[in-house]
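> Here it is: the structure, laid out below.
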Amino acid sequence: MGSLLVVSAHAGDFVWRAAGAIALATSRGDRAKVLCLTYGERGESAKAWREGRTLEEIKELRRAEASAAAEVLGAEIEFLDAGDYPLLESPELVDRIARVYREVEPAVVLTHPTEDPYNQDHPAAARMALHARVLAQAAGYDAPGEPLGAPPVFFFEPHQPEQCGFRPDVLLDITPVFDAKRKAMECLPAQQHMWEYYTDLARRRGVQLRRNAGPNLGLPHTTMGEAYMRLYPQVTGTLS
(Lines give C-alpha, C1' and ligand atoms only; values in the text may rest on other atoms or scores of the structure.)
Protein backbone atom coordinates (compact mmCIF):
# COMPACT_ATOMS: atom_id res chain seq x y z
CA MET A 1 0.00 0.00 0.00
CA GLY A 2 2.83 2.42 0.77
CA SER A 3 3.36 4.93 3.55
CA LEU A 4 0.70 6.95 5.38
CA LEU A 5 1.15 10.57 6.47
CA VAL A 6 -1.22 12.12 9.01
CA VAL A 7 -1.08 15.91 9.48
CA SER A 8 -2.63 16.69 12.87
CA ALA A 9 -3.18 20.18 14.26
CA HIS A 10 -2.90 19.09 17.89
CA ALA A 11 -1.36 16.22 19.79
CA GLY A 12 -4.64 14.35 20.29
CA ASP A 13 -6.40 14.86 16.97
CA PHE A 14 -4.82 11.95 15.14
CA VAL A 15 -5.84 9.54 17.89
CA TRP A 16 -9.55 10.38 18.03
CA ARG A 17 -10.00 10.70 14.29
CA ALA A 18 -7.51 8.44 12.51
CA ALA A 19 -6.03 5.90 14.94
CA GLY A 20 -7.89 3.08 13.21
CA ALA A 21 -6.46 3.94 9.81
CA ILE A 22 -2.98 4.26 11.31
CA ALA A 23 -3.20 0.90 13.09
CA LEU A 24 -4.47 -0.81 9.94
CA ALA A 25 -1.54 0.59 7.97
CA THR A 26 1.10 -0.52 10.46
CA SER A 27 -0.54 -3.94 10.87
CA ARG A 28 0.06 -4.44 7.13
CA GLY A 29 3.70 -3.52 7.60
CA ASP A 30 3.30 -0.07 6.04
CA ARG A 31 5.05 2.99 7.40
CA ALA A 32 2.82 5.51 9.18
CA LYS A 33 4.01 8.94 10.28
CA VAL A 34 2.07 11.46 12.34
CA LEU A 35 3.05 15.10 12.02
CA CYS A 36 1.68 17.10 14.96
CA LEU A 37 1.88 20.80 14.24
CA THR A 38 1.26 21.70 17.90
CA TYR A 39 0.93 20.03 21.28
CA GLY A 40 -2.55 21.44 21.85
CA GLU A 41 -1.05 23.04 24.90
CA ARG A 42 -3.28 26.11 25.14
CA GLY A 43 -6.63 25.08 23.75
CA GLU A 44 -6.89 21.35 24.44
CA SER A 45 -5.28 20.92 27.85
CA ALA A 46 -7.80 22.52 30.21
CA LYS A 47 -7.31 19.90 32.93
CA ALA A 48 -3.58 20.59 33.10
CA TRP A 49 -4.13 24.34 33.28
CA ARG A 50 -6.60 23.87 36.13
CA GLU A 51 -3.96 21.81 37.93
CA GLY A 52 -1.67 24.84 37.82
CA ARG A 53 0.93 23.43 35.43
CA THR A 54 3.20 25.74 33.46
CA LEU A 55 3.15 26.05 29.67
CA GLU A 56 6.35 24.03 29.28
CA GLU A 57 5.08 21.36 31.65
CA ILE A 58 1.89 21.06 29.62
CA LYS A 59 3.81 20.78 26.36
CA GLU A 60 5.90 17.97 27.79
CA LEU A 61 2.80 16.26 29.15
CA ARG A 62 1.03 16.34 25.80
CA ARG A 63 4.17 15.28 23.97
CA ALA A 64 4.51 12.24 26.23
CA GLU A 65 0.84 11.32 25.83
CA ALA A 66 0.84 11.59 22.04
CA SER A 67 4.15 9.73 21.77
CA ALA A 68 2.75 6.88 23.86
CA ALA A 69 -0.37 6.76 21.67
CA ALA A 70 1.73 6.67 18.49
CA GLU A 71 3.81 3.83 19.94
CA VAL A 72 0.67 1.81 20.62
CA LEU A 73 -0.35 2.31 16.98
CA GLY A 74 3.11 1.47 15.65
CA ALA A 75 3.53 4.93 14.12
CA GLU A 76 6.33 7.45 13.98
CA ILE A 77 5.55 10.89 15.37
CA GLU A 78 7.10 14.32 14.92
CA PHE A 79 6.16 17.58 16.64
CA LEU A 80 6.70 20.97 15.05
CA ASP A 81 5.74 22.98 18.18
CA ALA A 82 4.13 25.69 16.05
CA GLY A 83 1.86 26.93 18.84
CA ASP A 84 -1.91 26.54 19.07
CA TYR A 85 -4.85 28.85 19.75
CA PRO A 86 -4.08 30.28 17.33
CA LEU A 87 -2.12 28.08 14.94
CA LEU A 88 -0.75 30.70 12.56
CA GLU A 89 -0.16 29.84 8.92
CA SER A 90 3.24 30.86 7.57
CA PRO A 91 5.47 30.10 4.58
CA GLU A 92 8.08 28.72 6.96
CA LEU A 93 5.65 26.22 8.47
CA VAL A 94 4.35 25.17 5.05
CA ASP A 95 7.95 24.57 3.97
CA ARG A 96 8.58 22.36 7.01
CA ILE A 97 5.52 20.29 6.13
CA ALA A 98 6.57 20.06 2.47
CA ARG A 99 9.92 18.65 3.55
CA VAL A 100 8.14 15.96 5.55
CA TYR A 101 6.15 15.06 2.43
CA ARG A 102 9.38 14.67 0.47
CA GLU A 103 10.90 12.52 3.22
CA VAL A 104 7.89 10.24 3.77
CA GLU A 105 6.69 10.04 0.14
CA PRO A 106 3.17 9.14 1.33
CA ALA A 107 0.82 6.96 -0.66
CA VAL A 108 -2.07 8.40 1.37
CA VAL A 109 -2.50 11.63 3.35
CA LEU A 110 -4.98 12.17 6.20
CA THR A 111 -5.77 15.56 7.68
CA HIS A 112 -8.56 17.83 8.93
CA PRO A 113 -11.40 19.19 6.80
CA THR A 114 -10.92 22.74 5.58
CA GLU A 115 -13.97 23.98 7.51
CA ASP A 116 -14.49 24.01 11.29
CA PRO A 117 -16.24 26.96 12.96
CA TYR A 118 -15.43 25.57 16.40
CA ASN A 119 -11.66 25.37 16.04
CA GLN A 120 -9.78 27.47 13.50
CA ASP A 121 -6.55 25.56 14.14
CA HIS A 122 -8.01 22.56 12.31
CA PRO A 123 -8.71 24.23 8.95
CA ALA A 124 -5.42 26.11 9.25
CA ALA A 125 -3.61 22.78 9.53
CA ALA A 126 -5.56 21.41 6.57
CA ARG A 127 -4.79 24.40 4.35
CA MET A 128 -1.09 24.16 5.12
CA ALA A 129 -1.10 20.41 4.55
CA LEU A 130 -2.70 20.88 1.13
CA HIS A 131 -0.41 23.76 0.19
CA ALA A 132 2.66 21.77 1.22
CA ARG A 133 1.49 18.80 -0.86
CA VAL A 134 1.39 20.97 -3.98
CA LEU A 135 4.83 22.42 -3.28
CA ALA A 136 6.31 18.97 -2.68
CA GLN A 137 5.03 17.93 -6.12
CA ALA A 138 6.95 20.67 -7.90
CA ALA A 139 10.16 19.46 -9.53
CA GLY A 140 11.84 22.80 -8.88
CA TYR A 141 10.84 23.18 -5.25
CA ASP A 142 13.91 23.68 -3.10
CA ALA A 143 13.67 20.78 -0.67
CA PRO A 144 15.53 17.48 -0.34
CA GLY A 145 14.12 14.41 -2.02
CA GLU A 146 12.25 13.64 -5.20
CA PRO A 147 9.10 15.44 -6.36
CA LEU A 148 5.99 14.00 -4.81
CA GLY A 149 3.38 12.14 -6.86
CA ALA A 150 -0.31 12.79 -6.24
CA PRO A 151 -1.24 10.94 -3.04
CA PRO A 152 -4.98 10.97 -2.32
CA VAL A 153 -6.06 13.14 0.58
CA PHE A 154 -8.76 12.07 3.01
CA PHE A 155 -10.30 14.39 5.58
CA PHE A 156 -10.94 12.63 8.88
CA GLU A 157 -14.13 13.24 10.80
CA PRO A 158 -14.37 16.48 12.83
CA HIS A 159 -15.99 16.66 16.24
CA GLN A 160 -19.05 18.46 14.85
CA PRO A 161 -19.37 17.05 11.31
CA GLU A 162 -22.70 18.69 10.49
CA GLN A 163 -21.18 22.14 11.06
CA CYS A 164 -18.02 21.45 9.09
CA GLY A 165 -19.37 20.51 5.68
CA PHE A 166 -18.29 16.93 6.34
CA ARG A 167 -20.12 14.38 4.21
CA PRO A 168 -18.52 10.96 4.73
CA ASP A 169 -18.02 9.11 1.47
CA VAL A 170 -15.52 6.56 2.76
CA LEU A 171 -16.27 4.22 5.67
CA LEU A 172 -13.23 2.34 6.93
CA ASP A 173 -13.63 -0.95 8.79
CA ILE A 174 -11.36 -0.68 11.83
CA THR A 175 -12.81 -3.67 13.71
CA PRO A 176 -9.54 -5.69 13.70
CA VAL A 177 -7.61 -2.81 15.26
CA PHE A 178 -10.18 -1.06 17.42
CA ASP A 179 -8.61 -2.40 20.61
CA ALA A 180 -5.38 -0.65 19.59
CA LYS A 181 -7.31 2.56 18.94
CA ARG A 182 -8.93 2.38 22.35
CA LYS A 183 -5.55 1.79 24.02
CA ALA A 184 -4.15 4.78 22.14
CA MET A 185 -7.08 6.94 23.31
CA GLU A 186 -6.39 5.88 26.88
CA CYS A 187 -2.87 7.27 26.50
CA LEU A 188 -4.49 10.74 26.52
CA PRO A 189 -5.89 11.29 30.04
CA ALA A 190 -5.70 15.05 29.45
CA GLN A 191 -8.82 14.57 27.31
CA GLN A 192 -10.42 11.59 29.03
CA HIS A 193 -13.90 12.92 28.24
CA MET A 194 -13.25 11.99 24.59
CA TRP A 195 -12.72 8.27 25.16
CA GLU A 196 -16.36 7.22 25.22
CA TYR A 197 -17.42 9.79 22.64
CA TYR A 198 -15.12 8.33 20.00
CA THR A 199 -15.87 4.75 21.03
CA ASP A 200 -19.57 5.44 20.49
CA LEU A 201 -18.82 7.18 17.20
CA ALA A 202 -16.89 4.12 15.99
CA ARG A 203 -19.93 1.97 16.77
CA ARG A 204 -22.26 4.29 14.84
CA ARG A 205 -19.96 4.39 11.84
CA GLY A 206 -19.71 0.61 12.07
CA VAL A 207 -23.50 0.38 11.75
CA GLN A 208 -23.39 2.60 8.65
CA LEU A 209 -20.52 0.56 7.25
CA ARG A 210 -22.52 -2.66 7.55
CA ARG A 211 -25.56 -1.10 5.87
CA ASN A 212 -23.47 0.09 2.95
CA ALA A 213 -21.31 -3.00 2.55
CA GLY A 214 -23.99 -5.22 1.02
CA PRO A 215 -26.01 -8.02 2.63
CA ASN A 216 -23.71 -10.84 1.54
CA LEU A 217 -20.65 -9.76 3.53
CA GLY A 218 -22.17 -10.84 6.83
CA LEU A 219 -20.35 -8.24 8.89
CA PRO A 220 -20.95 -8.67 12.63
CA HIS A 221 -22.92 -6.25 14.80
CA THR A 222 -19.65 -5.45 16.57
CA THR A 223 -18.20 -3.81 13.45
CA MET A 224 -16.35 -0.56 14.24
CA GLY A 225 -15.66 2.16 11.71
CA GLU A 226 -14.05 5.50 10.94
CA ALA A 227 -15.47 7.98 8.44
CA TYR A 228 -13.49 9.95 5.87
CA MET A 229 -14.19 12.38 3.06
CA ARG A 230 -12.07 12.16 -0.08
CA LEU A 231 -10.85 15.48 -1.48
CA TYR A 232 -9.53 14.60 -4.93
CA PRO A 233 -11.21 12.31 -7.49
CA GLN A 234 -10.50 8.61 -7.37
CA VAL A 235 -8.58 7.38 -10.41
CA THR A 236 -9.50 3.84 -11.39
CA GLY A 237 -9.95 1.49 -14.30
CA THR A 238 -12.82 -0.34 -12.63
CA LEU A 239 -15.96 1.02 -10.98
CA SER A 240 -16.51 -0.70 -7.65
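Following the order of the C-alpha coordinates, first chain is A, next is B, and so on, with residues numbered from 1 inside each chain and ligands from 1 in the order they appear.
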Quick one: residues within 8 Å of range 74-76 of chain A, only C-alpha atoms counted, chain neighbours fewer than 6 positions away excluded, as a list in words?
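Result of the neighbour search: Ile22, Ala23, Thr26, Arg31, Ala32, Lys33 and Val34 of chain A.
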> Check which residues of range 143-206 of chain A sit at most 12 Å from range 37-42 of chain A using only C-alpha atoms, and return one row each with the closest pair of atoms and their distance in Å to one decimal, ordered by chain and rising number, as a Markdown table.

```
| residue | atom | partner | partner_atom | distance |
| --- | --- | --- | --- | --- |
| A:Leu188 | CA | A:Gly40 | CA | 11.8 |
| A:Ala190 | CA | A:Glu41 | CA | 10.3 |
| A:Gln191 | CA | A:Gly40 | CA | 10.8 |
```
> Next, dump the selected residues to file, keeping only N, CA, C and O atoms, as an mmCIF file, in the first residue's frame.

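Produced file result.cif, reproduced below:
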```
data_model
loop_
_atom_site.group_PDB
_atom_site.id
_atom_site.type_symbol
_atom_site.label_atom_id
_atom_site.label_comp_id
_atom_site.auth_asym_id
_atom_site.auth_seq_id
_atom_site.Cartn_x
_atom_site.Cartn_y
_atom_site.Cartn_z
ATOM 1 N N LEU A 188 -4.249 9.298 26.485
ATOM 2 C CA LEU A 188 -4.492 10.742 26.518
ATOM 3 C C LEU A 188 -5.438 11.112 27.665
ATOM 4 O O LEU A 188 -6.569 11.568 27.439
ATOM 5 N N ALA A 190 -5.401 13.619 29.455
ATOM 6 C CA ALA A 190 -5.696 15.054 29.447
ATOM 7 C C ALA A 190 -7.045 15.341 28.795
ATOM 8 O O ALA A 190 -7.649 16.389 29.050
ATOM 9 N N GLN A 191 -7.531 14.404 27.963
ATOM 10 C CA GLN A 191 -8.824 14.566 27.306
ATOM 11 C C GLN A 191 -9.665 13.297 27.500
ATOM 12 O O GLN A 191 -10.274 12.785 26.565
#
```
> Could you check which of A:His112, A:Arg204, A:Arg99, A:Arg211 is closest to Val134 in chain A, using only C-alpha atoms?
A:Arg99
> Could you please determine the separation between CA of Leu209 in chain A and CA of Leu24 in chain A in Å, to one decimal place?
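Between CA of Leu209 in chain A and CA of Leu24 in chain A the gap is 16.3 Å.
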> Would you work out the distance separating CA of Pro113 in chain A from CA of Ala126 in chain A, expressed in Å to one decimal?
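Distance between the two atoms: 6.3 Å.
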> With only C-alpha atoms as the atoms that count, which of A:Glu71, A:Glu89, A:Glu60, A:Glu103 lies nearest to Pro123 in chain A?
A:Glu89
> Give me the residues within 7 Å of Arg17 in chain A as a tab-separated table (two decimals) with N, CA, C and O atoms, in the first residue's frame, counting only C-alpha atoms and dropping any in the same chain fewer than 4 places off.

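Below you can see around-v7.tsv, which holds the result:
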```
chain	number	residue	atom	x	y	z
A	13	ASP	N	-5.47	14.97	18.10
A	13	ASP	CA	-6.40	14.86	16.97
A	13	ASP	C	-6.25	13.56	16.20
A	13	ASP	O	-7.24	12.94	15.81
A	156	PHE	N	-10.34	13.44	7.83
A	156	PHE	CA	-10.94	12.63	8.88
A	156	PHE	C	-12.07	13.40	9.55
A	156	PHE	O	-12.23	14.61	9.37
A	157	GLU	N	-12.87	12.68	10.32
A	157	GLU	CA	-14.13	13.24	10.80
A	157	GLU	C	-13.92	14.26	11.92
A	157	GLU	O	-13.28	13.96	12.93
```
> Check the smallest atom-to-atom distance from each of A:Met1, A:Val15, A:His159, A:Arg167 to Arg182 in chain A using only C-alpha atoms, then report the winner.
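Using only C-alpha atoms, the shortest distance to Arg182 in chain A belongs to A:Val15.
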> I'd like the contact shell of Ala124 in chain A - 12 Å cut-off, only C-alpha atoms, skipping same-chain residues fewer than 6 positions apart - returned as a list in words.
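Final neighbour list, sorted by chain and number: Val7, Ser8, Ala9, His10, Leu37, Thr38, Ala82, Asp84, Tyr85, Pro86, Leu87, Leu88, Glu89, Ser90, Leu93, Val94, Thr111, His112, Pro113, Thr114, Glu115, Asp116, Pro117, Leu130 and His131 of chain A.
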> Using N, CA and C atoms, can you export the residues from the last selection as a tab-separated table (two decimals), in the first residue's frame?

```tsv
chain	number	residue	atom	x	y	z
A	7	VAL	N	-1.41	14.55	9.04
A	7	VAL	CA	-1.08	15.91	9.48
A	7	VAL	C	-2.15	16.33	10.49
A	8	SER	N	-1.74	16.46	11.74
A	8	SER	CA	-2.63	16.69	12.87
A	8	SER	C	-2.34	18.05	13.48
A	9	ALA	N	-3.38	18.84	13.68
A	9	ALA	CA	-3.18	20.18	14.26
A	9	ALA	C	-2.64	20.09	15.67
A	10	HIS	N	-3.24	19.20	16.47
A	10	HIS	CA	-2.90	19.09	17.89
A	10	HIS	C	-2.47	17.66	18.22
A	37	LEU	N	1.41	19.43	14.37
A	37	LEU	CA	1.88	20.80	14.24
A	37	LEU	C	2.03	21.49	15.59
A	38	THR	N	1.19	21.11	16.56
A	38	THR	CA	1.26	21.70	17.90
A	38	THR	C	1.02	20.60	18.93
A	82	ALA	N	4.45	24.43	16.73
A	82	ALA	CA	4.13	25.69	16.05
A	82	ALA	C	3.22	26.60	16.86
A	84	ASP	N	-0.48	26.64	19.38
A	84	ASP	CA	-1.91	26.54	19.07
A	84	ASP	C	-2.68	27.72	19.65
A	85	TYR	N	-3.91	27.84	19.24
A	85	TYR	CA	-4.85	28.85	19.75
A	85	TYR	C	-4.23	30.24	19.81
A	86	PRO	N	-3.83	30.80	18.67
A	86	PRO	CA	-4.08	30.28	17.33
A	86	PRO	C	-2.86	29.57	16.73
A	87	LEU	N	-3.15	28.64	15.82
A	87	LEU	CA	-2.12	28.08	14.94
A	87	LEU	C	-2.03	28.99	13.74
A	88	LEU	N	-0.91	29.69	13.60
A	88	LEU	CA	-0.75	30.70	12.56
A	88	LEU	C	-0.10	30.09	11.32
A	89	GLU	N	-0.72	30.32	10.18
A	89	GLU	CA	-0.16	29.84	8.92
A	89	GLU	C	1.02	30.72	8.52
A	90	SER	N	2.06	30.10	7.99
A	90	SER	CA	3.24	30.86	7.57
A	90	SER	C	3.95	30.09	6.47
A	93	LEU	N	6.28	27.44	7.98
A	93	LEU	CA	5.65	26.22	8.47
A	93	LEU	C	5.22	25.33	7.30
A	94	VAL	N	4.70	25.94	6.24
A	94	VAL	CA	4.35	25.17	5.05
A	94	VAL	C	5.58	24.47	4.48
A	111	THR	N	-5.83	14.31	6.94
A	111	THR	CA	-5.77	15.56	7.68
A	111	THR	C	-7.19	16.05	7.98
A	112	HIS	N	-7.27	17.24	8.54
A	112	HIS	CA	-8.56	17.83	8.93
A	112	HIS	C	-9.33	18.34	7.72
A	113	PRO	N	-10.65	18.46	7.83
A	113	PRO	CA	-11.40	19.19	6.80
A	113	PRO	C	-11.01	20.67	6.80
A	114	THR	N	-11.30	21.33	5.72
A	114	THR	CA	-10.92	22.74	5.58
A	114	THR	C	-11.96	23.69	6.18
A	115	GLU	N	-12.94	23.15	6.88
A	115	GLU	CA	-13.97	23.98	7.51
A	115	GLU	C	-14.22	23.48	8.92
A	116	ASP	N	-14.15	24.36	9.91
A	116	ASP	CA	-14.49	24.01	11.29
A	116	ASP	C	-14.71	25.30	12.08
A	117	PRO	N	-15.97	25.70	12.25
A	117	PRO	CA	-16.24	26.96	12.96
A	117	PRO	C	-15.94	26.91	14.44
A	130	LEU	N	-2.39	20.93	2.56
A	130	LEU	CA	-2.70	20.88	1.13
A	130	LEU	C	-1.72	21.74	0.33
A	131	HIS	N	-1.38	22.89	0.87
A	131	HIS	CA	-0.41	23.76	0.19
A	131	HIS	C	0.95	23.06	0.10
```
> Residues within 12 Å of Arg96 in chain A, please, as a list in words. Count only C-alpha atoms; anything in the same chain fewer than 5 positions from it doesn't count.
Val7, Leu35, Cys36, Leu37, Glu78, Phe79, Leu80, Asp81, Ala82, Glu89, Ser90, Pro91, Tyr101, Arg102, Glu103, Met128, Ala129, His131, Ala132, Arg133, Leu135, Ala136, Asp142, Ala143 and Pro144 of chain A
> Between A:Arg230, A:Met194, A:Val6, A:Gln163, which one has atoms that come closest to Val100 in chain A, using only C-alpha atoms?
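That would be A:Val6, the residue with the smallest distance to Val100 in chain A.
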> I need the residue nearest Tyr228 in chain A from this list: A:Ala150, A:Ala11, A:Ala18, A:Leu73. Use only C-alpha atoms for the distance.
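Comparing A:Ala150, A:Ala11, A:Ala18, A:Leu73 against Tyr228 in chain A, the winner is A:Ala18.
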> Restricting the calculation to only C-alpha atoms, which member of A:His221, A:Arg210, A:Arg203, A:His193 is positioned closest to Glu44 in chain A?
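Using only C-alpha atoms, the shortest distance to Glu44 in chain A belongs to A:His193.
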> Please identify which residues in range 2-158 of chain A DSSP calls alpha helix (DSSP H) from the backbone, and express them as a PyMOL selection string.
chain A and resi 13-27+46-50+55-73+91-104+121-137
> Can you tell me, as a PDB file with N, CA, C and O atoms, in the first residue's frame, what residues are no more than 10 Å from Lys181 in chain A when counting only C-alpha atoms, ignoring any on the same chain fewer than 2 positions away?

```pdb
ATOM      1  N   VAL A  15      -5.389  10.715  17.161  1.00  0.00           N
ATOM      2  CA  VAL A  15      -5.844   9.540  17.892  1.00  0.00           C
ATOM      3  C   VAL A  15      -7.352   9.386  17.768  1.00  0.00           C
ATOM      4  O   VAL A  15      -7.862   8.331  17.403  1.00  0.00           O
ATOM      5  N   TRP A  16      -8.080  10.450  18.081  1.00  0.00           N
ATOM      6  CA  TRP A  16      -9.546  10.376  18.032  1.00  0.00           C
ATOM      7  C   TRP A  16     -10.032  10.068  16.616  1.00  0.00           C
ATOM      8  O   TRP A  16     -10.948   9.283  16.425  1.00  0.00           O
ATOM      9  N   ARG A  17      -9.425  10.676  15.630  1.00  0.00           N
ATOM     10  CA  ARG A  17     -10.004  10.702  14.290  1.00  0.00           C
ATOM     11  C   ARG A  17      -9.421   9.681  13.321  1.00  0.00           C
ATOM     12  O   ARG A  17     -10.085   9.290  12.369  1.00  0.00           O
ATOM     13  N   ALA A  18      -8.179   9.261  13.531  1.00  0.00           N
ATOM     14  CA  ALA A  18      -7.512   8.445  12.513  1.00  0.00           C
ATOM     15  C   ALA A  18      -6.710   7.283  13.074  1.00  0.00           C
ATOM     16  O   ALA A  18      -5.991   6.626  12.327  1.00  0.00           O
ATOM     17  N   ALA A  19      -6.846   6.973  14.359  1.00  0.00           N
ATOM     18  CA  ALA A  19      -6.035   5.899  14.940  1.00  0.00           C
ATOM     19  C   ALA A  19      -6.320   4.557  14.290  1.00  0.00           C
ATOM     20  O   ALA A  19      -5.420   3.714  14.160  1.00  0.00           O
ATOM     21  N   GLY A  20      -7.563   4.335  13.876  1.00  0.00           N
ATOM     22  CA  GLY A  20      -7.888   3.080  13.214  1.00  0.00           C
ATOM     23  C   GLY A  20      -7.151   2.926  11.899  1.00  0.00           C
ATOM     24  O   GLY A  20      -6.573   1.863  11.613  1.00  0.00           O
ATOM     25  N   ALA A  21      -7.166   3.976  11.090  1.00  0.00           N
ATOM     26  CA  ALA A  21      -6.460   3.936   9.808  1.00  0.00           C
ATOM     27  C   ALA A  21      -4.962   3.742  10.013  1.00  0.00           C
ATOM     28  O   ALA A  21      -4.304   3.010   9.263  1.00  0.00           O
ATOM     29  N   ILE A  22      -4.414   4.390  11.025  1.00  0.00           N
ATOM     30  CA  ILE A  22      -2.984   4.256  11.307  1.00  0.00           C
ATOM     31  C   ILE A  22      -2.658   2.822  11.709  1.00  0.00           C
ATOM     32  O   ILE A  22      -1.699   2.211  11.213  1.00  0.00           O
ATOM     33  N   ALA A  23      -3.459   2.261  12.615  1.00  0.00           N
ATOM     34  CA  ALA A  23      -3.204   0.902  13.088  1.00  0.00           C
ATOM     35  C   ALA A  23      -3.367  -0.119  11.971  1.00  0.00           C
ATOM     36  O   ALA A  23      -2.611  -1.104  11.908  1.00  0.00           O
ATOM     37  N   ALA A  69       0.713   7.185  22.551  1.00  0.00           N
ATOM     38  CA  ALA A  69      -0.369   6.757  21.667  1.00  0.00           C
ATOM     39  C   ALA A  69       0.183   6.298  20.322  1.00  0.00           C
ATOM     40  O   ALA A  69      -0.238   5.268  19.779  1.00  0.00           O
ATOM     41  N   ALA A  70       1.124   7.047  19.773  1.00  0.00           N
ATOM     42  CA  ALA A  70       1.732   6.665  18.492  1.00  0.00           C
ATOM     43  C   ALA A  70       2.449   5.332  18.607  1.00  0.00           C
ATOM     44  O   ALA A  70       2.396   4.492  17.695  1.00  0.00           O
ATOM     45  N   VAL A  72       1.694   2.850  20.608  1.00  0.00           N
ATOM     46  CA  VAL A  72       0.667   1.807  20.619  1.00  0.00           C
ATOM     47  C   VAL A  72       0.228   1.471  19.200  1.00  0.00           C
ATOM     48  O   VAL A  72      -0.003   0.303  18.859  1.00  0.00           O
ATOM     49  N   LEU A  73       0.111   2.501  18.356  1.00  0.00           N
ATOM     50  CA  LEU A  73      -0.351   2.311  16.980  1.00  0.00           C
ATOM     51  C   LEU A  73       0.749   1.861  16.033  1.00  0.00           C
ATOM     52  O   LEU A  73       0.473   1.541  14.869  1.00  0.00           O
ATOM     53  N   ILE A 174     -12.502  -0.641  10.913  1.00  0.00           N
ATOM     54  CA  ILE A 174     -11.360  -0.682  11.834  1.00  0.00           C
ATOM     55  C   ILE A 174     -11.562  -1.743  12.921  1.00  0.00           C
ATOM     56  O   ILE A 174     -10.857  -1.732  13.929  1.00  0.00           O
ATOM     57  N   THR A 175     -12.513  -2.659  12.703  1.00  0.00           N
ATOM     58  CA  THR A 175     -12.815  -3.674  13.714  1.00  0.00           C
ATOM     59  C   THR A 175     -11.568  -4.433  14.173  1.00  0.00           C
ATOM     60  O   THR A 175     -11.370  -4.615  15.390  1.00  0.00           O
ATOM     61  N   VAL A 177      -8.602  -3.592  14.515  1.00  0.00           N
ATOM     62  CA  VAL A 177      -7.607  -2.806  15.258  1.00  0.00           C
ATOM     63  C   VAL A 177      -8.248  -1.859  16.262  1.00  0.00           C
ATOM     64  O   VAL A 177      -7.563  -0.997  16.820  1.00  0.00           O
ATOM     65  N   PHE A 178      -9.555  -2.027  16.514  1.00  0.00           N
ATOM     66  CA  PHE A 178     -10.183  -1.056  17.416  1.00  0.00           C
ATOM     67  C   PHE A 178      -9.592  -1.126  18.820  1.00  0.00           C
ATOM     68  O   PHE A 178      -9.480  -0.092  19.494  1.00  0.00           O
ATOM     69  N   ASP A 179      -9.216  -2.309  19.276  1.00  0.00           N
ATOM     70  CA  ASP A 179      -8.610  -2.395  20.612  1.00  0.00           C
ATOM     71  C   ASP A 179      -7.358  -1.530  20.694  1.00  0.00           C
ATOM     72  O   ASP A 179      -7.106  -0.882  21.724  1.00  0.00           O
ATOM     73  N   LYS A 183      -6.750   1.669  23.184  1.00  0.00           N
ATOM     74  CA  LYS A 183      -5.553   1.790  24.021  1.00  0.00           C
ATOM     75  C   LYS A 183      -4.829   3.101  23.752  1.00  0.00           C
ATOM     76  O   LYS A 183      -4.312   3.744  24.673  1.00  0.00           O
ATOM     77  N   ALA A 184      -4.795   3.516  22.475  1.00  0.00           N
ATOM     78  CA  ALA A 184      -4.153   4.784  22.138  1.00  0.00           C
ATOM     79  C   ALA A 184      -4.930   5.947  22.739  1.00  0.00           C
ATOM     80  O   ALA A 184      -4.337   6.909  23.260  1.00  0.00           O
ATOM     81  N   MET A 185      -6.262   5.884  22.693  1.00  0.00           N
ATOM     82  CA  MET A 185      -7.077   6.939  23.305  1.00  0.00           C
ATOM     83  C   MET A 185      -6.791   7.035  24.800  1.00  0.00           C
ATOM     84  O   MET A 185      -6.724   8.130  25.371  1.00  0.00           O
ATOM     85  N   GLU A 186      -6.623   5.886  25.434  1.00  0.00           N
ATOM     86  CA  GLU A 186      -6.392   5.883  26.877  1.00  0.00           C
ATOM     87  C   GLU A 186      -5.003   6.383  27.254  1.00  0.00           C
ATOM     88  O   GLU A 186      -4.720   6.578  28.439  1.00  0.00           O
ATOM     89  N   CYS A 187      -4.163   6.618  26.255  1.00  0.00           N
ATOM     90  CA  CYS A 187      -2.869   7.268  26.503  1.00  0.00           C
ATOM     91  C   CYS A 187      -3.021   8.778  26.672  1.00  0.00           C
ATOM     92  O   CYS A 187      -2.028   9.467  26.956  1.00  0.00           O
ATOM     93  N   TYR A 198     -15.648   8.896  21.235  1.00  0.00           N
ATOM     94  CA  TYR A 198     -15.119   8.333  19.996  1.00  0.00           C
ATOM     95  C   TYR A 198     -15.290   6.812  19.926  1.00  0.00           C
ATOM     96  O   TYR A 198     -15.281   6.245  18.833  1.00  0.00           O
ATOM     97  N   THR A 199     -15.485   6.157  21.054  1.00  0.00           N
ATOM     98  CA  THR A 199     -15.867   4.749  21.028  1.00  0.00           C
ATOM     99  C   THR A 199     -17.289   4.614  20.490  1.00  0.00           C
ATOM    100  O   THR A 199     -17.571   3.768  19.631  1.00  0.00           O
TER     101      THR A 199
END
```
